[in-house]
Each structure stands twice: as C-alpha cells, then as structure tokens.
Amino acid sequence: MKSNRENDGRARGFRQMARHAVGLIVIVVLAAIAGVLCGQATAEPSSRETKTIASAQVPVMVTPAATRQFERTLVVQGNVETKEFAMVSPRMGGTLEAIYVDEGDVVVAGRTKLFQTDAINLERNAQIKQHATTVAECSRREAVAGLDKIDADLYKAELDFNRFKRLYDQNTVTADAFEQQQSRYRQLQAARNLAEAQVDLATAKENQSKAELAIAQKELADATAYAPISGKISQRLREPGEMGSPGQPVLRIDDTSVLEVAAFLPAQNYGEIVPGQTSMRVRVSGVDLGSQVVTYKSPTIHPKLRTFEVKCLLKDPPAAVAPGAMAQISVVLETRQGLGIPSSAIQTRSNGTVVFVVRDGFARQEAVTTGIETGGWIEILKGEVKENEPVVTLGQNMLNEGAAVQVQQEEK
C-alpha cells in the first residue's frame with residue numbers, strides 16, 4: 001500500500017513538472033511572437049514615410065535659360081519675276097510674213113532675228129527712193145556745172161567791161177560800145193545769181209531725196225525685228241499671216257539671268273523697311289535662297305489695299321527657280337540679343353505669365369514679361385530668371401510654388 005502511494009506521488013510530481021515546462025515554452029513562444037510583431041509595427045511607419053516623400057516629388061524636365069538672338073519677322077508669300085523683259089511689237093503696221101523663233105528659244109540682243117513685216121513692198125519703196133536720190137545728185141551736179149560756166153563768162157565780161165571803161169574815160173571808144181560791155185557784164189552777174197540759186201535748189205532736192213531714202217531704208221530695216229534684250233522667248237502671241245501693228249506685241253522675251261522676288265507688306269510696316277539694309281529670307285520651290293537684301297520699296301502705299309511692294313534681286317538663280325514661282329518670304333524687321341527660354345515653359349496663371357525654375361530641388365514660380373519669339377524660344381524681358389538656370393519645360397502643369405520636383409531629364 002505504501003509503495004503504491006509513493007508511486008502515485010511521483011507520477012503527480014512528473015505531471016506538475018510537465019505542465020510547468022509546457023507553460024514556459026508557451027510563454028517563450030508568445031514572447032517571441034510579440035517581439036516579431038512589435039518589430040514589424042516599428043518598421044512600417046518608416047516605410048510609409050519614405051513612400052509618401054517619394055510620391056510628393058513631381059517628375060519634370062528642364063532646359064537651361066540661355067542668351068540667344070531673337071528676330072521679329074513678317075512672313076508673307078510673294079512671286080518670282082524677271083527684272084528685265086521686253087514685249088516686242090512691230091514698228092510699223094502690216095502683215096506678219098515670218099516669225100523666226102518659238103517659245104523657249106534663246107535670243108541674243110541685236111543679233112537674233114525675230115519676225116518680219118511686209119518686207120517686199122518696203123524693199124521696192126527703198127529702191128524707188130534710191131533712184132530718186134541718184135537723179136537729184138545728177139541735177140545738182142548739172143546746176144554746179146552751169147554755175148561754173150557762167151563764172152567763166154562773167155570773168156571775161158568783167159575784164160572787157162574794165163577795159164572799155166578805161167577806153168571810154170580816154171574818149172577812145174563811143175558811149176554805145178561802153179554801154180554794151182556794161183550791159184553784158186550785168187547780165188552775166190544776174191545769170192550767175194540765177195545759176196547759184198539753181199545749185200541751191202538742186203542741193204535741197206538732193207538732201208530731200210536722201211532723207212526720203214533714209215526713211216525708206218529705216219522702214220525696210222524695221223520690217224525685220226531683232227531681239228532688243230538677251231533672254232528666252234516666254235510667249236508667242238501672233239502667227240505668220242496675221243496683221244501686226246505698233247503696240248500689239250508679237251513676242252515676249254524674259255531675261256532669266258536676273259530675277260526679282262516681289263511681295264506686298266502691310267502699310268503699318270512701311271517705316272521699318274529700309275532698302276539696302278532690311279533682309280528677307282527667301283525659299284522658292286523647296287530651294288532655300290538664304291538671306292537677301294531688300295533692293296526696292298514702293299514709294300507709295302496702295303490707297304485701297306493698304307499695302308506696299310518690296311523686292312530683292314536674285315542673280316544667277318538655280319535652275320529650279322523660275323519666273324512665276326511662288327516664294328515663301330520672311331522679312332526680318334528687328335534683330336536683338338537677349339535671355340530666352342523655350343516657349344513651352346511659359347504658363348498663364350491667375351497672376352499672369354509665369355515660368356517655373358528649379359532651385360535646390362523645389363519649383364519656384366517667377367512672373368515674367370516676354371518679348372520676341374524665334375525658333376521655339378521666347379525672349380524674357382523682365383523676371384527673376386538667370387542665365388543657365390534650369391527652367392521647367394515638361395510637367396509644369398502639375399506644379400505650384402514650392403513643390404518638390406524630381407528632374408527626370410534635362411532637355412538640350
């Protein structure tokens with residue numbers, strides 16, 4: 001009985017120890033779990049704070065402000081024209097007998113024959129005038145010969161008259177004989193005056209005939225028209241067999257070696273255009289002709305259209321540039337150096353025109369006054385923007401004063 005009671009006591013002791021051991025293990029496990037949970041609870045606020053700070057930075061792109069050249073320009077369209085051209089018409093009326101050139105032909109001034117008008121009739125008329133001139137020359141020579149003969153007779157009559165006068169003074173000849181010599185001498189003087197007048201008349205007729213011949217020859221020469229300028233035939237307006245008359249063009253010649261670009265500008269810009277100084281950039285048919293100087297400004301403004309014409313010269317233009325082509329023109333009215341930023345950086349807010357600059361990782365809003373815009377950049381006339389300072393050009397719509405920013409990329 002005693003042995004059984006001892007065994008039961010030992011068993012109860014083992015069970016109590018087991019229970020205490022299990023309790024300690026549970027406490028240890030709970031403590032470990034609590035420690036882990038406490039560690040997680042401590043770490044979570046730091047991670048959330050980091051994520052909140054990162055999400056508060058606005059990603060932006062920036063471009064440094066820079067000093068650039070700005071131009072105030074006026075963009076217009078114009079036309080390409082020939083500086084020199086000629087509308088060739090007949091100098092005299094008549095039938096067009098022949099036209100020797102066609103459109104596109106190259107002609108040389110004073111050498112290329114263009115067309116001919118009624119040459120046969122004019123040639124015959126010139127021949128008649130030539131014959132008349134020959135007759136007039138013979139008549140003049142005949143009159144001169146008659147004058148020479150009378151001069152010879154007059155010389156002999158003067159000698160006789162002087163001799164008879166001496167004899168008469170010496171009473172060796174009668175008064176009748178002296179008077180006969182005197183009468184003959186005076187008759188020959190009158191005859192000489194007549195012969196001299198006939199020579200003058202014959203000379204005048206000869207000169208008149210020569211003038212008529214010159215006119216006939218001029219008309220004959222005018223019947224054949226030669227190129228007044230060098231260039232190309234751009235228009236043929238008549239055909240052989242048609243009637244031609246002065247003032248009605250038969251052909252048009254254009255000198256394509258020197259062209260002009262002409263455009264019309266608004267009247268308010270009249271005072272800003274100075275020939276020889278103002279430049280205009282020209283592009284024709286896809287060909288960039290670069291900067292050209294204004295060579296002509298109209299002295300007047302059109303009273304109804306309120307525009308005025310300007311021109312510039314194109315010497316030896318490329319083959320792709322032809323008269324009649326349309327020109328894209330940019331007239332430079334003003335050029336100056338200044339601080340500028342990309343035009344995309346400009347924002348319009350309630351307080352006016354502003355830009356955002358990045359300083360120490362934060363966006364700063366600056367009010368600005370802008371000027372000339374050129375090539376995607378705009379001039380800053382007033383504002384606290386400095387050269388090389390990063391200006392926000394993308395993402396500025398999400399910015400306010402003092403916002404934290406993260407520069408993703410800097411635009412070049």
# chains A, B, ... in the order shown; residues from 1 in each chain; ligands from 1
$ closest_atom_pairs --of "range 216-326 of chain A" --to "range 65-81 of chain A" --cutoff "8 Å" --atoms "only C-alpha atoms" --output "tab-separated table"
residue	atom	partner	partner_atom	distance
A:Leu259	CA	A:Glu81	CA	5.6
A:Glu260	CA	A:Glu81	CA	5.1
A:Val261	CA	A:Val80	CA	4.6
A:Ala262	CA	A:Asn79	CA	5.4
A:Ala263	CA	A:Gly78	CA	4.3
A:Phe264	CA	A:Gly78	CA	7.3
A:Leu265	CA	A:Val76	CA	7.6
A:Ala322	CA	A:Val80	CA	6.9
A:Pro323	CA	A:Glu81	CA	4.8
A:Gly324	CA	A:Val80	CA	5.2
A:Ala325	CA	A:Val80	CA	5.4
A:Met326	CA	A:Asn79	CA	4.8
$ residues_around --residues "Ser257 in chain A" --least-positions-apart "2" --cutoff "7 Å" --atoms "only C-alpha atoms" --output "NGL selection string"
:A and (255 or 259 or 315-317)
$ select_by_dssp --residues "range 127-314 of chain A" --states "strand (DSSP E or B)" --output "ChimeraX atom specification"
/A:224-226,231-236,243-244,251-254,258-266,279-284,287-297,307-314
$ closest_residue --among "A:Ala320, A:Pro246, A:Met61, A:Gly352" --to "Asp222 in chain A" --atoms "only C-alpha atoms"
A:Pro246
$ closest_residue --among "A:Ile380, A:Val88, A:Ala98, A:Leu188" --to "Ala157 in chain A" --atoms "only C-alpha atoms"
A:Leu188
$ residues_around --residues "Pro240 in chain A" --least-positions-apart "6" --cutoff "7 Å" --atoms "only C-alpha atoms" --output "PDB file with N, CA and C atoms, in the first residue's frame"
ATOM      1  N   LEU A  96       2.334  90.033-140.984  1.00  0.00           N
ATOM      2  CA  LEU A  96       3.499  89.307-140.462  1.00  0.00           C
ATOM      3  C   LEU A  96       3.869  88.217-141.464  1.00  0.00           C
ATOM      4  N   GLU A  97       4.961  88.446-142.172  1.00  0.00           N
ATOM      5  CA  GLU A  97       5.358  87.490-143.201  1.00  0.00           C
ATOM      6  C   GLU A  97       6.022  86.252-142.610  1.00  0.00           C
ATOM      7  N   ALA A  98       6.792  86.431-141.545  1.00  0.00           N
ATOM      8  CA  ALA A  98       7.506  85.289-140.964  1.00  0.00           C
ATOM      9  C   ALA A  98       7.829  85.575-139.509  1.00  0.00           C
ATOM     10  N   ILE A  99       7.796  84.516-138.687  1.00  0.00           N
ATOM     11  CA  ILE A  99       8.247  84.569-137.298  1.00  0.00           C
ATOM     12  C   ILE A  99       9.321  83.496-137.156  1.00  0.00           C
TER      13      ILE A  99
END
$ residues_around --residues "Arg359 in chain A" --least-positions-apart "2" --cutoff "10 Å" --atoms "only C-alpha atoms" --output "list in words"
Phe356, Val357, Gly361, Phe362, Ala363, Arg364, Glu389, Pro390, Val391, Gly402, Ala404 and Val405 of chain A
$ atom_distance --atom1 "CA of Leu114 in chain A" --atom2 "CA of Gln127 in chain A"
24.1 Å
$ residues_around --residues "Ile128 in chain A" --least-positions-apart "6" --cutoff "10 Å" --atoms "only C-alpha atoms" --output "ChimeraX atom specification"
/A:122,134,212-213,216
$ closest_residue --among "A:Thr353, A:Thr393, A:Gln292, A:Gln57" --to "Gln277 in chain A" --atoms "only C-alpha atoms"
A:Gln292
$ residues_around --residues "Phe161 in chain A" --least-positions-apart "6" --cutoff "8 Å" --atoms "only C-alpha atoms" --output "compact mmCIF listing (two decimals) with N, CA and C atoms, in the first residue's frame"
# COMPACT_ATOMS: atom_id res chain seq x y z
N PHE A 178 30.75 151.23 -174.90
CA PHE A 178 30.97 151.02 -173.46
C PHE A 178 29.72 150.49 -172.78
N GLN A 181 29.18 146.72 -173.32
CA GLN A 181 30.01 145.90 -172.45
C GLN A 181 29.49 145.92 -171.00
N GLN A 182 29.01 147.08 -170.62
CA GLN A 182 28.45 147.20 -169.27
C GLN A 182 27.20 146.34 -169.10
N TYR A 185 28.05 142.64 -168.96
CA TYR A 185 28.64 142.29 -167.66
C TYR A 185 27.55 142.13 -166.58
$ residues_around --residues "Glu103 in chain A" --least-positions-apart "6" --cutoff "10 Å" --atoms "only C-alpha atoms" --output "PDB file with N, CA and C atoms, in the first residue's frame"
ATOM      1  N   LYS A 232      15.117  84.538-123.111  1.00  0.00           N
ATOM      2  CA  LYS A 232      14.365  83.442-123.709  1.00  0.00           C
ATOM      3  C   LYS A 232      12.974  83.919-124.118  1.00  0.00           C
ATOM      4  N   ILE A 233      12.467  83.345-125.198  1.00  0.00           N
ATOM      5  CA  ILE A 233      11.108  83.645-125.633  1.00  0.00           C
ATOM      6  C   ILE A 233      10.146  82.953-124.672  1.00  0.00           C
ATOM      7  N   SER A 234       9.363  83.750-123.961  1.00  0.00           N
ATOM      8  CA  SER A 234       8.417  83.174-122.998  1.00  0.00           C
ATOM      9  C   SER A 234       6.993  83.119-123.547  1.00  0.00           C
ATOM     10  N   GLN A 235       6.672  83.971-124.526  1.00  0.00           N
ATOM     11  CA  GLN A 235       5.330  83.956-125.117  1.00  0.00           C
ATOM     12  C   GLN A 235       5.415  84.290-126.605  1.00  0.00           C
ATOM     13  N   ARG A 236       4.608  83.579-127.394  1.00  0.00           N
ATOM     14  CA  ARG A 236       4.445  83.896-128.818  1.00  0.00           C
ATOM     15  C   ARG A 236       2.969  84.198-129.028  1.00  0.00           C
ATOM     16  N   LEU A 237       2.666  85.469-129.289  1.00  0.00           N
ATOM     17  CA  LEU A 237       1.292  85.954-129.276  1.00  0.00           C
ATOM     18  C   LEU A 237       0.663  86.098-130.653  1.00  0.00           C
ATOM     19  N   LEU A 251       5.853  88.959-129.516  1.00  0.00           N
ATOM     20  CA  LEU A 251       6.641  88.056-128.675  1.00  0.00           C
ATOM     21  C   LEU A 251       6.953  88.732-127.347  1.00  0.00           C
ATOM     22  N   ARG A 252       7.183  87.886-126.340  1.00  0.00           N
ATOM     23  CA  ARG A 252       7.703  88.382-125.049  1.00  0.00           C
ATOM     24  C   ARG A 252       9.030  87.683-124.780  1.00  0.00           C
ATOM     25  N   ILE A 253      10.039  88.489-124.404  1.00  0.00           N
ATOM     26  CA  ILE A 253      11.371  87.973-124.063  1.00  0.00           C
ATOM     27  C   ILE A 253      11.622  88.255-122.594  1.00  0.00           C
TER      28      ILE A 253
END
$ atom_distance --atom1 "CA of Glu384 in chain A" --atom2 "CA of Val354 in chain A"
10.4 Å
$ select_by_dssp --residues "range 48-279 of chain A" --states "alpha helix (DSSP H)" --output "PyMOL selection string"
chain A and resi 48-56+119-169+175-222
$ write_last_selection --atoms "C-alpha atoms" --output "mmCIF file, in the first residue's frame"
data_model
loop_
_atom_site.group_PDB
_atom_site.id
_atom_site.type_symbol
_atom_site.label_atom_id
_atom_site.label_comp_id
_atom_site.auth_asym_id
_atom_site.auth_seq_id
_atom_site.Cartn_x
_atom_site.Cartn_y
_atom_site.Cartn_z
ATOM 1 C CA ARG A 48 5.235 54.608 -45.369
ATOM 2 C CA GLU A 49 7.017 57.891 -44.699
ATOM 3 C CA THR A 50 9.607 57.112 -47.374
ATOM 4 C CA LYS A 51 6.896 56.216 -49.876
ATOM 5 C CA THR A 52 4.969 59.399 -49.055
ATOM 6 C CA ILE A 53 8.049 61.613 -49.570
ATOM 7 C CA ALA A 54 8.880 59.909 -52.872
ATOM 8 C CA SER A 55 5.323 60.265 -54.140
ATOM 9 C CA ALA A 56 5.316 64.018 -53.258
ATOM 10 C CA ALA A 119 9.400 93.478 -146.365
ATOM 11 C CA ILE A 120 8.781 93.156 -150.146
ATOM 12 C CA ASN A 121 6.791 96.395 -150.537
ATOM 13 C CA LEU A 122 9.181 98.262 -148.301
ATOM 14 C CA GLU A 123 12.154 96.998 -150.275
ATOM 15 C CA ARG A 124 10.625 98.232 -153.530
ATOM 16 C CA ASN A 125 9.895 101.615 -151.991
ATOM 17 C CA ALA A 126 13.509 101.863 -150.835
ATOM 18 C CA GLN A 127 14.699 101.095 -154.366
ATOM 19 C CA ILE A 128 12.486 103.885 -155.789
ATOM 20 C CA LYS A 129 13.862 106.348 -153.267
ATOM 21 C CA GLN A 130 17.383 105.282 -154.162
ATOM 22 C CA HIS A 131 16.746 106.052 -157.846
ATOM 23 C CA ALA A 132 15.217 109.416 -156.973
ATOM 24 C CA THR A 133 18.272 110.266 -154.927
ATOM 25 C CA THR A 134 20.551 109.397 -157.826
ATOM 26 C CA VAL A 135 18.562 111.733 -160.130
ATOM 27 C CA ALA A 136 18.761 114.510 -157.554
ATOM 28 C CA GLU A 137 22.517 114.094 -157.288
ATOM 29 C CA CYS A 138 22.841 114.411 -161.098
ATOM 30 C CA SER A 139 20.646 117.529 -161.125
ATOM 31 C CA ARG A 140 22.831 119.141 -158.519
ATOM 32 C CA ARG A 141 25.986 118.370 -160.458
ATOM 33 C CA GLU A 142 24.384 119.832 -163.602
ATOM 34 C CA ALA A 143 23.492 123.030 -161.773
ATOM 35 C CA VAL A 144 27.006 123.301 -160.392
ATOM 36 C CA ALA A 145 28.453 122.885 -163.896
ATOM 37 C CA GLY A 146 26.159 125.634 -165.230
ATOM 38 C CA LEU A 147 27.338 127.914 -162.449
ATOM 39 C CA ASP A 148 30.989 127.216 -163.317
ATOM 40 C CA LYS A 149 30.317 128.120 -166.989
ATOM 41 C CA ILE A 150 28.664 131.395 -166.047
ATOM 42 C CA ASP A 151 31.544 132.196 -163.709
ATOM 43 C CA ALA A 152 33.941 131.799 -166.643
ATOM 44 C CA ASP A 153 31.808 134.070 -168.897
ATOM 45 C CA LEU A 154 31.433 136.566 -166.108
ATOM 46 C CA TYR A 155 35.180 136.690 -165.606
ATOM 47 C CA LYS A 156 35.714 137.558 -169.325
ATOM 48 C CA ALA A 157 32.855 140.083 -169.269
ATOM 49 C CA GLU A 158 34.380 141.785 -166.241
ATOM 50 C CA LEU A 159 37.739 142.134 -167.989
ATOM 51 C CA ASP A 160 36.056 143.589 -171.098
ATOM 52 C CA PHE A 161 33.982 145.953 -169.016
ATOM 53 C CA ASN A 162 37.024 147.285 -167.142
ATOM 54 C CA ARG A 163 38.996 147.729 -170.407
ATOM 55 C CA PHE A 164 36.149 149.575 -172.155
ATOM 56 C CA LYS A 165 35.691 151.769 -169.113
ATOM 57 C CA ARG A 166 39.336 152.892 -169.310
ATOM 58 C CA LEU A 167 38.981 153.496 -173.054
ATOM 59 C CA TYR A 168 35.764 155.394 -172.545
ATOM 60 C CA ASP A 169 37.443 157.572 -169.932
ATOM 61 C CA ALA A 175 29.498 155.591 -175.255
ATOM 62 C CA ASP A 176 27.396 152.948 -177.038
ATOM 63 C CA ALA A 177 30.275 150.472 -177.154
ATOM 64 C CA PHE A 178 30.973 151.016 -173.458
ATOM 65 C CA GLU A 179 27.314 150.606 -172.533
ATOM 66 C CA GLN A 180 27.104 147.311 -174.448
ATOM 67 C CA GLN A 181 30.011 145.900 -172.446
ATOM 68 C CA GLN A 182 28.453 147.196 -169.269
ATOM 69 C CA SER A 183 25.089 145.591 -170.080
ATOM 70 C CA ARG A 184 26.709 142.253 -170.945
ATOM 71 C CA TYR A 185 28.638 142.293 -167.656
ATOM 72 C CA ARG A 186 25.498 142.960 -165.594
ATOM 73 C CA GLN A 187 23.517 140.269 -167.443
ATOM 74 C CA LEU A 188 26.169 137.696 -166.618
ATOM 75 C CA GLN A 189 26.127 138.789 -162.958
ATOM 76 C CA ALA A 190 22.355 138.176 -162.900
ATOM 77 C CA ALA A 191 22.819 134.869 -164.697
ATOM 78 C CA ARG A 192 25.351 133.828 -162.084
ATOM 79 C CA ASN A 193 22.886 134.640 -159.281
ATOM 80 C CA LEU A 194 20.292 132.511 -161.049
ATOM 81 C CA ALA A 195 22.732 129.653 -161.554
ATOM 82 C CA GLU A 196 23.726 129.858 -157.904
ATOM 83 C CA ALA A 197 20.065 129.667 -156.868
ATOM 84 C CA GLN A 198 19.604 126.659 -159.125
ATOM 85 C CA VAL A 199 22.568 124.966 -157.457
ATOM 86 C CA ASP A 200 20.984 125.649 -154.025
ATOM 87 C CA LEU A 201 17.653 124.266 -155.234
ATOM 88 C CA ALA A 202 19.270 121.146 -156.674
ATOM 89 C CA THR A 203 21.189 120.637 -153.435
ATOM 90 C CA ALA A 204 17.989 120.955 -151.393
ATOM 91 C CA LYS A 205 16.217 118.448 -153.631
ATOM 92 C CA GLU A 206 19.133 116.056 -153.277
ATOM 93 C CA ASN A 207 19.034 116.380 -149.473
ATOM 94 C CA GLN A 208 15.300 115.836 -149.509
ATOM 95 C CA SER A 209 15.669 112.756 -151.635
ATOM 96 C CA LYS A 210 18.386 111.422 -149.352
ATOM 97 C CA ALA A 211 16.139 111.932 -146.327
ATOM 98 C CA GLU A 212 13.309 110.077 -148.055
ATOM 99 C CA LEU A 213 15.738 107.275 -148.904
ATOM 100 C CA ALA A 214 16.878 107.090 -145.278
ATOM 101 C CA ILE A 215 13.265 106.829 -144.138
ATOM 102 C CA ALA A 216 12.562 104.110 -146.668
ATOM 103 C CA GLN A 217 15.664 102.206 -145.617
ATOM 104 C CA LYS A 218 14.716 102.625 -141.947
ATOM 105 C CA GLU A 219 11.242 101.273 -142.643
ATOM 106 C CA LEU A 220 12.778 98.360 -144.508
ATOM 107 C CA ALA A 221 15.084 97.689 -141.575
ATOM 108 C CA ASP A 222 12.164 97.999 -139.153
#
$ atom_distance --atom1 "CA of Ala227 in chain A" --atom2 "CA of Arg91 in chain A"
13.0 Å
$ closest_residue --among "A:Val60, A:Ile341, A:Ile329, A:Val358" --to "Gln406 in chain A" --atoms "only C-alpha atoms"
A:Val60
$ closest_residue --among "A:Val106, A:Val294, A:Leu289, A:Ala225" --to "Asp118 in chain A" --atoms "only C-alpha atoms"
A:Ala225
